[in-house]
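Okay, protein.txt is below, compact mmCIF, C-alpha atoms and all ligand atoms:
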# COMPACT_ATOMS: atom_id res chain seq x y z
CA MET A 62 -100.31 -89.61 181.55
CA ARG A 63 -100.98 -86.00 180.67
CA LEU A 64 -104.25 -84.98 179.10
CA LEU A 65 -104.81 -81.72 177.23
CA ILE A 66 -108.38 -80.62 176.51
CA ILE A 67 -108.99 -77.89 173.93
CA ASP A 68 -112.60 -76.75 173.80
CA ASP A 69 -114.25 -73.38 174.09
CA GLU A 70 -117.15 -74.82 176.10
CA GLU A 71 -116.03 -74.74 179.69
CA ASP A 72 -118.46 -77.33 181.04
CA ILE A 73 -117.26 -79.81 178.46
CA CYS A 74 -113.66 -79.21 179.49
CA ASP A 75 -114.60 -79.73 183.12
CA LEU A 76 -116.51 -82.91 182.40
CA ILE A 77 -113.69 -84.44 180.36
CA ALA A 78 -111.07 -83.31 182.88
CA GLU A 79 -113.01 -84.85 185.74
CA ILE A 80 -113.42 -88.21 184.01
CA GLY A 81 -109.77 -88.18 182.95
CA GLN A 82 -108.55 -87.33 186.44
CA ARG A 83 -110.58 -90.17 187.88
CA ARG A 84 -108.54 -92.44 185.59
CA GLY A 85 -105.32 -90.99 186.97
CA LEU A 86 -104.55 -88.58 184.12
CA GLU A 87 -103.14 -85.14 184.79
CA ALA A 88 -105.50 -82.79 182.96
CA LYS A 89 -105.05 -79.27 181.59
CA THR A 90 -107.77 -77.36 179.78
CA ILE A 91 -107.59 -74.63 177.16
CA THR A 92 -110.69 -72.66 176.26
CA SER A 93 -109.20 -70.09 173.94
CA ALA A 94 -107.15 -70.82 170.86
CA GLU A 95 -104.54 -68.12 171.44
CA THR A 96 -103.01 -69.97 174.37
CA VAL A 97 -102.56 -73.36 172.69
CA GLN A 98 -99.05 -72.68 171.42
CA GLN A 99 -97.92 -71.22 174.71
CA VAL A 100 -99.29 -74.09 176.79
CA LEU A 101 -97.58 -76.63 174.55
CA GLU A 102 -94.21 -75.02 175.32
CA SER A 103 -94.40 -76.19 178.92
CA PHE A 104 -96.89 -79.06 178.90
CA THR A 105 -96.23 -82.20 176.82
CA PRO A 106 -99.51 -84.09 176.55
CA ASP A 107 -99.83 -87.84 175.96
CA VAL A 108 -103.47 -87.43 175.03
CA ILE A 109 -105.17 -84.44 173.39
CA MET A 110 -108.91 -83.99 172.99
CA MET A 111 -109.72 -81.09 170.71
CA ASP A 112 -112.84 -79.42 169.46
CA LEU A 113 -112.62 -78.81 165.71
CA MET A 114 -114.72 -75.66 166.03
CA MET A 115 -112.88 -73.15 168.22
CA PRO A 116 -113.50 -69.45 167.86
CA GLY A 117 -110.47 -67.61 166.51
CA ILE A 118 -108.80 -70.60 164.89
CA ASP A 119 -110.09 -73.17 162.47
CA GLY A 120 -109.70 -76.86 163.12
CA VAL A 121 -107.36 -77.33 160.18
CA GLU A 122 -104.97 -74.70 161.47
CA LEU A 123 -105.08 -76.27 164.90
CA LEU A 124 -104.24 -79.70 163.44
CA ARG A 125 -101.23 -78.20 161.70
CA LEU A 126 -100.08 -76.56 164.90
CA LEU A 127 -100.41 -79.82 166.83
CA SER A 128 -98.51 -81.71 164.15
CA ALA A 129 -95.59 -79.33 164.71
CA LYS A 130 -95.75 -79.26 168.50
CA ALA A 131 -97.34 -82.46 169.77
CA LYS A 132 -96.94 -85.18 167.18
CA ASP A 133 -96.58 -88.05 169.62
CA ALA A 134 -99.81 -87.50 171.51
CA LYS A 135 -102.88 -89.64 170.98
CA LEU A 136 -105.42 -87.30 169.47
CA CYS A 137 -109.19 -87.34 169.82
CA LEU A 138 -111.23 -84.99 167.62
CA ILE A 139 -114.55 -83.68 168.85
CA SER A 140 -117.13 -81.86 166.80
CA GLY A 141 -120.74 -80.78 166.69
CA SER A 142 -120.89 -81.18 162.91
CA ASP A 143 -121.64 -84.42 161.14
CA ALA A 144 -119.64 -87.61 160.82
CA ARG A 145 -118.44 -86.65 157.36
CA VAL A 146 -116.63 -83.52 158.58
CA LEU A 147 -115.15 -85.48 161.46
CA ASN A 148 -113.96 -88.18 159.10
CA SER A 149 -112.22 -85.83 156.72
CA ALA A 150 -110.60 -84.07 159.69
CA ARG A 151 -109.46 -87.47 160.86
CA ARG A 152 -107.88 -88.16 157.48
CA LEU A 153 -106.25 -84.76 157.41
CA GLY A 154 -104.83 -85.31 160.91
CA SER A 155 -103.38 -88.64 159.83
CA ALA A 156 -101.95 -87.01 156.70
CA HIS A 157 -100.15 -84.54 158.98
CA GLY A 158 -98.63 -87.50 160.80
CA LEU A 159 -100.84 -87.13 163.87
CA ASN A 160 -101.96 -90.20 165.78
CA VAL A 161 -105.73 -89.68 165.57
CA ILE A 162 -107.26 -92.44 167.64
CA ALA A 163 -110.85 -91.24 167.89
CA ALA A 164 -113.38 -88.82 166.43
CA LEU A 165 -116.38 -88.15 168.64
CA GLU A 166 -119.59 -86.35 167.81
CA LYS A 167 -121.11 -83.87 170.24
CA PRO A 168 -123.07 -84.07 172.47
CA LEU A 169 -120.64 -86.26 174.39
CA SER A 170 -122.11 -88.71 176.84
CA ILE A 171 -120.34 -89.87 179.98
CA GLN A 172 -120.53 -93.37 178.60
CA THR A 173 -118.71 -92.38 175.40
CA LEU A 174 -116.03 -90.57 177.37
CA ASN A 175 -115.54 -93.54 179.68
CA GLY A 176 -115.21 -95.77 176.66
CA PHE A 177 -112.64 -93.42 175.17
CA PHE A 178 -110.55 -93.44 178.34
CA ASP A 179 -110.79 -97.24 178.42
CA VAL A 180 -109.07 -97.22 175.05
CA VAL A 181 -106.48 -94.64 176.10
CA THR A 182 -105.52 -96.27 179.35
CA SER A 183 -105.40 -99.85 178.12
CA ASN A 184 -101.96 -100.23 176.63
CA GLY A 185 -102.14 -104.02 176.53
CA LYS A 186 -101.90 -105.07 172.89
CA GLU A 187 -103.54 -108.35 173.63
CA GLN A 188 -106.63 -106.60 174.87
CA ASP A 189 -106.79 -104.63 171.61
CA ALA A 190 -106.49 -107.79 169.54
CA GLN A 191 -109.27 -109.31 171.59
CA ALA A 192 -111.38 -106.23 171.02
CA ARG A 193 -110.86 -106.53 167.26
CA ALA A 194 -111.72 -110.21 167.21
CA HIS A 195 -114.82 -109.48 169.25
CA ALA A 196 -115.76 -106.58 166.97
CA ILE A 197 -115.61 -108.73 163.84
CA ALA A 198 -117.58 -111.53 165.48
CA SER A 199 -120.21 -109.28 167.04
CA GLY A 200 -121.06 -107.19 164.00
CA GLU A 201 -119.30 -103.90 164.77
CA PHE A 202 -117.83 -104.02 161.27
CA ARG A 203 -120.02 -102.69 158.45
CA LEU A 204 -119.76 -102.42 154.73
CA TYR A 205 -120.04 -99.02 153.08
CA TYR A 206 -120.84 -98.88 149.39
CA GLN A 207 -119.27 -96.53 146.87
CA PRO A 208 -120.88 -96.25 143.41
CA VAL A 209 -119.01 -97.14 140.24
CA ILE A 210 -120.32 -95.29 137.17
CA GLU A 211 -120.08 -95.91 133.45
CA LEU A 212 -118.47 -92.68 132.32
CA ALA A 213 -119.96 -92.46 128.82
CA THR A 214 -123.57 -93.02 129.92
CA ARG A 215 -123.74 -92.07 133.65
CA ARG A 216 -125.27 -95.51 134.25
CA VAL A 217 -124.51 -97.04 137.66
CA LYS A 218 -122.41 -100.15 137.02
CA GLY A 219 -122.31 -101.23 140.63
CA VAL A 220 -120.54 -100.61 143.90
CA GLU A 221 -117.32 -101.26 145.73
CA ALA A 222 -117.84 -102.56 149.27
CA LEU A 223 -115.47 -100.92 151.76
CA ALA A 224 -115.05 -102.05 155.34
CA ARG A 225 -115.78 -99.69 158.24
CA TRP A 226 -115.56 -100.34 161.96
CA GLN A 227 -118.43 -98.74 163.87
CA HIS A 228 -116.43 -98.55 167.10
CA PRO A 229 -118.57 -98.07 170.20
CA ASN A 230 -116.23 -95.44 171.64
CA ARG A 231 -114.23 -94.14 168.73
CA GLY A 232 -116.81 -93.49 166.01
CA VAL A 233 -116.53 -94.83 162.47
CA LEU A 234 -113.01 -96.14 161.81
CA LEU A 235 -111.51 -96.37 158.32
CA PRO A 236 -109.44 -99.26 156.91
CA SER A 237 -106.24 -97.24 157.50
CA ASP A 238 -107.08 -97.32 161.22
CA PHE A 239 -107.44 -101.08 161.48
CA LEU A 240 -106.30 -103.11 158.43
CA ASP A 241 -102.65 -103.46 159.48
CA GLN A 242 -103.59 -104.49 162.99
CA VAL A 243 -106.23 -106.93 161.74
CA THR A 244 -103.55 -108.48 159.52
CA ASN A 245 -101.03 -108.69 162.37
CA ASP A 246 -103.63 -110.23 164.68
CA GLY A 247 -104.18 -113.00 162.14
CA LEU A 248 -107.78 -111.86 161.75
CA MET A 249 -107.74 -111.08 158.03
CA GLN A 250 -109.52 -114.29 157.13
CA ALA A 251 -112.28 -113.55 159.63
CA LEU A 252 -112.67 -110.07 158.14
CA THR A 253 -112.67 -111.41 154.57
CA ASP A 254 -115.31 -113.98 155.50
CA PHE A 255 -117.44 -111.26 157.02
CA VAL A 256 -117.06 -109.08 153.91
CA ILE A 257 -117.94 -111.94 151.55
CA LYS A 258 -121.00 -113.02 153.51
CA THR A 259 -122.33 -109.52 154.04
CA SER A 260 -121.85 -108.46 150.45
CA LEU A 261 -123.43 -111.63 149.13
CA LEU A 262 -126.54 -111.00 151.21
CA GLN A 263 -126.64 -107.50 149.77
CA ALA A 264 -126.14 -108.79 146.23
CA ALA A 265 -128.94 -111.32 146.79
CA GLU A 266 -131.31 -108.56 147.85
CA TRP A 267 -130.48 -106.49 144.78
CA HIS A 268 -130.89 -109.48 142.53
CA ARG A 269 -134.30 -110.26 144.05
CA LYS A 270 -135.39 -106.70 143.34
CA GLY A 271 -134.15 -106.90 139.77
CA GLU A 272 -131.30 -104.43 140.41
CA ARG A 273 -128.47 -105.10 138.00
CA LEU A 274 -125.48 -103.97 139.99
CA THR A 275 -122.02 -105.47 140.31
CA LEU A 276 -120.50 -105.73 143.75
CA ALA A 277 -116.74 -105.49 144.17
CA ILE A 278 -115.01 -106.64 147.33
CA ASN A 279 -111.39 -106.15 148.36
CA VAL A 280 -109.23 -109.15 149.15
CA THR A 281 -105.59 -109.16 150.13
CA ALA A 282 -103.03 -111.42 148.51
CA SER A 283 -103.01 -113.69 151.55
CA ALA A 284 -106.71 -114.47 151.10
CA LEU A 285 -105.90 -115.79 147.63
CA LEU A 286 -103.69 -118.53 149.05
CA ASP A 287 -106.82 -120.20 150.34
CA LEU A 288 -107.59 -122.85 147.73
CA SER A 289 -111.12 -123.32 149.07
CA LEU A 290 -112.06 -119.67 148.39
CA PRO A 291 -113.53 -120.16 144.88
CA ASP A 292 -115.74 -123.02 146.02
CA ARG A 293 -116.81 -121.17 149.15
CA ILE A 294 -117.85 -118.15 147.12
CA SER A 295 -119.60 -120.28 144.48
CA ASP A 296 -121.48 -122.20 147.16
CA LEU A 297 -122.59 -118.99 148.82
CA CYS A 298 -123.72 -117.62 145.44
CA GLU A 299 -125.78 -120.71 144.84
CA GLN A 300 -127.19 -120.75 148.35
CA HIS A 301 -128.32 -117.12 148.11
CA ASN A 302 -129.26 -117.24 144.45
CA VAL A 303 -126.71 -114.63 143.37
CA PRO A 304 -125.42 -114.82 139.78
CA PRO A 305 -121.62 -115.04 140.10
CA GLU A 306 -121.17 -112.41 137.39
CA MET A 307 -122.48 -109.85 139.90
CA LEU A 308 -119.26 -110.26 141.90
CA VAL A 309 -115.80 -108.81 141.40
CA LEU A 310 -112.79 -109.50 143.59
CA GLU A 311 -110.39 -106.57 143.84
CA VAL A 312 -106.91 -107.75 144.56
CA THR A 313 -104.65 -105.37 146.41
CA GLU A 314 -100.97 -105.80 147.28
CA THR A 315 -100.38 -108.09 144.33
CA GLU A 316 -96.65 -107.83 144.86
CA ALA A 317 -97.08 -109.67 148.12
CA MET A 318 -98.19 -112.71 146.12
CA ARG A 319 -95.46 -115.01 147.27
CA ASP A 320 -96.94 -118.21 145.93
CA VAL A 321 -97.70 -117.25 142.36
CA THR A 322 -98.93 -120.65 141.19
CA ARG A 323 -101.37 -120.96 144.01
CA THR A 324 -102.69 -117.42 143.59
CA MET A 325 -103.08 -117.98 139.87
CA ASP A 326 -104.95 -121.20 140.56
CA VAL A 327 -107.43 -119.37 142.81
CA LEU A 328 -107.89 -116.41 140.43
CA LEU A 329 -108.35 -118.61 137.41
CA ARG A 330 -111.00 -120.67 139.16
CA MET A 331 -112.81 -117.45 140.07
CA ARG A 332 -112.82 -116.44 136.43
CA LEU A 333 -113.99 -119.88 135.32
CA ARG A 334 -116.93 -119.44 137.68
CA ASN A 335 -117.69 -116.07 136.02
CA ILE A 336 -116.56 -114.02 138.99
CA GLY A 337 -114.68 -110.88 137.93
CA VAL A 338 -111.16 -110.24 139.13
CA SER A 339 -109.70 -106.78 139.25
CA ILE A 340 -106.16 -105.52 139.85
CA ASP A 341 -106.54 -102.68 142.37
CA ASP A 342 -104.40 -99.54 142.75
CA PHE A 343 -102.71 -100.14 139.42
CA GLY A 344 -99.66 -97.97 138.92
CA THR A 345 -98.44 -97.98 142.51
CA GLY A 346 -95.57 -100.06 143.82
CA HIS A 347 -97.87 -102.86 144.83
CA SER A 348 -99.36 -103.66 141.42
CA SER A 349 -96.90 -104.33 138.67
CA LEU A 350 -96.86 -105.12 134.99
CA ARG A 351 -95.67 -108.62 135.72
CA GLU A 352 -98.83 -109.37 137.70
CA LEU A 353 -100.87 -107.90 134.90
CA GLN A 354 -99.26 -110.22 132.41
CA ARG A 355 -99.49 -113.45 134.35
CA MET A 356 -102.74 -113.17 136.32
CA PRO A 357 -106.16 -113.61 134.69
CA PHE A 358 -107.60 -110.19 135.53
CA SER A 359 -110.81 -108.95 133.94
CA GLU A 360 -110.56 -105.33 135.14
CA MET A 361 -107.94 -102.81 136.10
CA LYS A 362 -108.38 -100.00 138.62
CA ILE A 363 -106.12 -97.01 138.13
CA ASP A 364 -104.76 -95.75 141.42
CA GLN A 365 -106.40 -92.57 142.61
CA SER A 366 -103.07 -90.82 143.11
CA PHE A 367 -102.79 -90.37 139.33
CA VAL A 368 -106.46 -89.70 138.68
CA THR A 369 -107.28 -87.04 141.27
CA ASP A 370 -104.64 -84.61 139.96
CA MET A 371 -104.82 -85.32 136.24
CA GLY A 372 -106.81 -82.13 135.62
CA LYS A 373 -103.92 -79.98 136.92
CA ASN A 374 -100.92 -82.19 136.37
CA LYS A 375 -99.87 -83.05 132.82
CA ASP A 376 -97.67 -85.96 133.89
CA CYS A 377 -100.56 -87.57 135.74
CA ALA A 378 -102.76 -87.14 132.66
CA VAL A 379 -100.14 -88.82 130.47
CA ILE A 380 -99.77 -91.71 132.89
CA VAL A 381 -103.53 -92.22 133.14
CA THR A 382 -103.92 -92.13 129.35
CA SER A 383 -101.18 -94.71 128.93
CA ILE A 384 -102.67 -97.00 131.57
CA ILE A 385 -106.10 -96.83 129.89
CA ASP A 386 -104.54 -97.85 126.58
CA LEU A 387 -102.51 -100.58 128.23
CA GLY A 388 -105.60 -102.00 129.93
CA HIS A 389 -107.67 -101.90 126.76
CA ASN A 390 -104.91 -103.49 124.69
CA LEU A 391 -104.84 -106.34 127.19
CA GLY A 392 -108.60 -106.72 126.87
CA LEU A 393 -109.43 -105.35 130.34
CA LYS A 394 -112.15 -102.97 131.44
CA VAL A 395 -110.59 -99.91 133.03
CA ILE A 396 -111.89 -98.13 136.14
CA ALA A 397 -110.49 -94.81 137.37
CA GLU A 398 -110.56 -94.22 141.12
CA GLY A 399 -110.47 -90.86 142.87
CA ILE A 400 -112.54 -88.65 140.54
CA GLU A 401 -113.17 -85.48 142.50
CA ASP A 402 -114.20 -82.99 139.82
CA GLN A 403 -116.07 -82.81 136.52
CA ARG A 404 -113.00 -81.87 134.53
CA VAL A 405 -111.33 -85.16 135.42
CA TRP A 406 -114.50 -87.09 134.51
CA ASP A 407 -114.60 -85.36 131.12
CA MET A 408 -110.94 -86.05 130.43
CA LEU A 409 -111.34 -89.72 131.34
CA ALA A 410 -114.48 -90.12 129.24
CA GLU A 411 -112.72 -88.53 126.30
CA LYS A 412 -109.83 -90.95 126.68
CA GLY A 413 -112.24 -93.88 126.63
CA CYS A 414 -111.91 -94.94 130.27
CA ASP A 415 -114.83 -97.30 130.89
CA PHE A 416 -115.82 -96.67 134.50
CA GLY A 417 -115.14 -94.22 137.29
CA GLN A 418 -115.45 -93.92 141.01
CA GLY A 419 -114.91 -90.94 143.27
CA PHE A 420 -116.21 -88.33 145.66
CA LEU A 421 -117.65 -86.34 142.71
CA MET A 422 -120.24 -89.05 142.14
CA GLY A 423 -120.56 -90.45 145.64
CA ARG A 424 -118.58 -91.26 148.75
CA PRO A 425 -118.65 -94.66 150.39
CA MET A 426 -122.07 -94.80 152.11
CA ALA A 427 -123.95 -96.96 154.58
CA ILE A 428 -126.57 -99.03 152.76
CA GLU A 429 -129.54 -96.77 153.65
CA ASN A 430 -127.72 -93.76 152.25
CA PHE A 431 -126.60 -95.64 149.18
CA THR A 432 -130.21 -96.56 148.42
CA LEU A 433 -131.23 -92.89 148.65
CA TRP A 434 -128.23 -91.88 146.56
CA LEU A 435 -129.15 -94.41 143.86
CA ASP A 436 -132.65 -93.00 143.61
CA SER A 437 -131.55 -89.43 143.28
CA TRP A 438 -128.71 -90.23 140.85
CA ARG A 439 -131.14 -91.95 138.52
CA LYS A 440 -133.64 -89.08 138.76
CA GLY A 441 -131.01 -86.38 138.24
P1 LIG B 501 -109.28 -99.16 147.54
O1 LIG B 501 -109.78 -100.53 147.33
O2 LIG B 501 -108.40 -98.57 146.50
O3 LIG B 501 -110.58 -98.28 147.80
C1 LIG B 501 -110.72 -96.98 147.39
C2 LIG B 501 -110.40 -96.00 148.49
O4 LIG B 501 -110.38 -94.71 147.91
C3 LIG B 501 -111.46 -95.95 149.58
O5 LIG B 501 -110.81 -95.67 150.81
C4 LIG B 501 -112.30 -94.77 149.15
O6 LIG B 501 -113.00 -94.14 150.21
C5 LIG B 501 -111.26 -93.85 148.57
N1 LIG B 501 -111.81 -92.93 147.58
C6 LIG B 501 -112.79 -93.18 146.69
N2 LIG B 501 -113.04 -92.11 145.91
C7 LIG B 501 -112.18 -91.15 146.30
C8 LIG B 501 -111.95 -89.78 145.88
O7 LIG B 501 -112.58 -89.25 144.98
N3 LIG B 501 -110.96 -89.11 146.51
C9 LIG B 501 -110.23 -89.66 147.53
N4 LIG B 501 -109.30 -88.92 148.10
N5 LIG B 501 -110.44 -90.94 147.97
C10 LIG B 501 -111.39 -91.67 147.36
P2 LIG B 501 -111.06 -96.51 152.11
O8 LIG B 501 -112.48 -96.93 152.23
O9 LIG B 501 -110.43 -95.75 153.23
O10 LIG B 501 -110.24 -97.83 151.85
C11 LIG B 501 -108.85 -97.84 151.77
C12 LIG B 501 -108.33 -99.16 151.31
O11 LIG B 501 -108.53 -100.17 152.30
C13 LIG B 501 -109.03 -99.70 150.07
O12 LIG B 501 -108.48 -99.08 148.95
C14 LIG B 501 -108.71 -101.17 150.16
O13 LIG B 501 -107.44 -101.45 149.67
C15 LIG B 501 -108.69 -101.40 151.66
N6 LIG B 501 -109.97 -102.02 152.08
C16 LIG B 501 -111.18 -101.43 152.26
N7 LIG B 501 -112.10 -102.34 152.64
C17 LIG B 501 -111.47 -103.53 152.67
C18 LIG B 501 -111.88 -104.86 152.97
O14 LIG B 501 -113.05 -105.14 153.24
N8 LIG B 501 -110.93 -105.86 152.89
C19 LIG B 501 -109.64 -105.58 152.54
N9 LIG B 501 -108.79 -106.61 152.48
N10 LIG B 501 -109.22 -104.34 152.26
C20 LIG B 501 -110.12 -103.33 152.31
MG MG B 502 -110.56 -101.58 146.01
MG MG B 503 -107.80 -98.65 144.73

Would you write the structure of this file as structure tokens?
Amino acid sequence: MRLLIIDDEEDICDLIAEIGQRRGLEAKTITSAETVQQVLESFTPDVIMMDLMMPGIDGVELLRLLSAKAKDAKLCLISGSDARVLNSARRLGSAHGLNVIAALEKPLSIQTLNGFFDVVTSNGKEQDAQARAHAIASGEFRLYYQPVIELATRRVKGVEALARWQHPNRGVLLPSDFLDQVTNDGLMQALTDFVIKTSLLQAAEWHRKGERLTLAINVTASALLDLSLPDRISDLCEQHNVPPEMLVLEVTETEAMRDVTRTMDVLLRMRLRNIGVSIDDFGTGHSSLRELQRMPFSEMKIDQSFVTDMGKNKDCAVIVTSIIDLGHNLGLKVIAEGIEDQRVWDMLAEKGCDFGQGFLMGRPMAIENFTLWLDSWRKG
């Protein structure tokens, strides 16, 4: 395997190269941005480790260049700035079609680098599946919480819980990095169980403190085939003294609902127990009008792809307006996802959209950060 290291700090290049070579990788280092293109003409790397902050070129430009010249390589981003910058760079890399497998914060320890090369050099799928099973069982998965706001009043309605994998060697991984694999491994139920238990404990703590927040969790269509789910959730609510109306299940991939009767059975029993049920990503190929008509949803979430651009794109604005009306006419509460600027908030509020969620108000946050965010939102 060929390893390319792009970093302006020479000692870091040397350290990574040495560890890589010990694992049998052929390493090449680049310390100045100008030579990247030229090196890629003659050297086809299997693995690239790149610093996002190189003098003379910005990380975004470098990602674009790599996507044109070295799309097949496994890419590891390195940066001295915080996890947030790394995470958006990771998303951007994936959007360019790059295979971003890790994002590491500086300073890099030898242990982290060894862990990274463990991942790179283990091509056994089985080992990966084992690692995922172990990660779910041993608590490497976390829930991040993103606020949901009532648009007319700025009141915090509640949160959506979003899964993150705090990988020991690869940093914080997003659902796009692991959901498909978790599904293929047959581990979705284990993940769903973890999400339900963890969020219920959180809901219990809020309830004890007199916090009136709803907590939404994401479940895939396959989870809804489990006829014991409503009872399991009810039992947990009772056990932890959580009022069921605090909970909302967000159903994604509704089109994958193969067994409609069974799914309807489960959803209806959720509703009869006062648990909310929301149709997620409404408007995309996965959530259709048919599902809306036959399933007992209490809320609808408009897919962010329409919301984010509605300030600039008339068609998006028309679609969003129509979806809001559709939802309201069916007696549903409507939540817009992907609000990134004030203009979009104002447009949605004017159109009567009930709730909103997006980076403008708050990103998904670890619980400590969410608690701080909640305080400052209420003060401001
Ligand atoms: P979702 O349920 O539609 O969640 C919203 C996604 O939009 C989140 O991505 C969130 O970070 C992102 N988002 C929120 N506001 C904005 C914004 O203003 N701009 C942009 N560009 N994005 C925004 P995330 O956390 O990466 O999750 C992706 C998807 O993975 C979720 O989409 C959900 O379908 C799935 N997912 C997340 N956690 C779980 C889980 O615990 N179980 C299951 N089954 N699926 C999950
Ligand atoms: Mg969701
Ligand atoms: Mg969504």

Query raised in the report: What residues have any atom no more than 6 Å from ligand LIG 501 (chain B) when counting all atoms listed in the file, and can you list them as a PyMOL selection string?
Result: chain A and resi 223-224+235-236+256+279-281+313+342+398-401+418-420+425

Query - Nearest to Gln354 (chain A), chosen from A:Asp376, A:Leu393, A:Asn335, A:Ala88, with only C-alpha atoms counted in the distances - result: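 For Gln354 (chain A), the nearest of the given residues is A:Leu393.
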
Report summary line: In terms of all atoms listed in the file, the residue from A:Leu136, A:Val121, A:Ala397, A:Leu174 at minimal distance from ligand MG 502 (chain B) is A:Ala397

Query raised in the report: Pick the closest to ligand MG 502 (chain B) from A:Ser339, A:Thr214, A:Thr382, A:Ser140: which is it, counting all atoms listed in the file?
Result: A:Ser339

Query raised in the report: Which protein, DNA or RNA residues have an atom at most 9 Å from (-118.2, -101.7, 138.3), counting only C-alpha atoms? List them as a list of chain:residue names.
Result: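 So the residues meeting the distance criterion are A:Pro208, A:Val209, A:Ile210, A:Glu211, A:Val217, A:Lys218, A:Gly219, A:Val220, A:Glu221, A:Leu274, A:Thr275, A:Leu276, A:Ala277, A:Val309, A:Ile396, A:Phe416, A:Gly417, A:Gln418.
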
Query raised in the report: Could you state the separation of CA of Gln207 (chain A) and CA of Pro304 (chain A) in Å, given to one decimal place?
Result: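 Between CA of Gln207 (chain A) and CA of Pro304 (chain A) the gap works out to 20.6 Å.
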
Query raised in the report: Using only C-alpha atoms and all ligand atoms, which residue out of A:Lys167, A:Lys362, A:His301, A:Arg152 lies closest to ligand MG 502 (chain B)?
Result: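 Closest candidate: A:Lys362.
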
Query raised in the report: Of the candidates A:Leu64, A:Val338, A:Leu234, A:Ala134, which one gets nearest to ligand MG 502 (chain B) if we count only C-alpha atoms and all ligand atoms?
Result: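 Smallest separation from ligand MG 502 (chain B) among the options: A:Val338.
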
**Report entry** Using only C-alpha atoms and all ligand atoms: which of A:Glu79, A:Asp364, A:Asp246, A:Glu166 has the shortest distance to ligand MG 502 (chain B)
**Finding:** A:Asp364
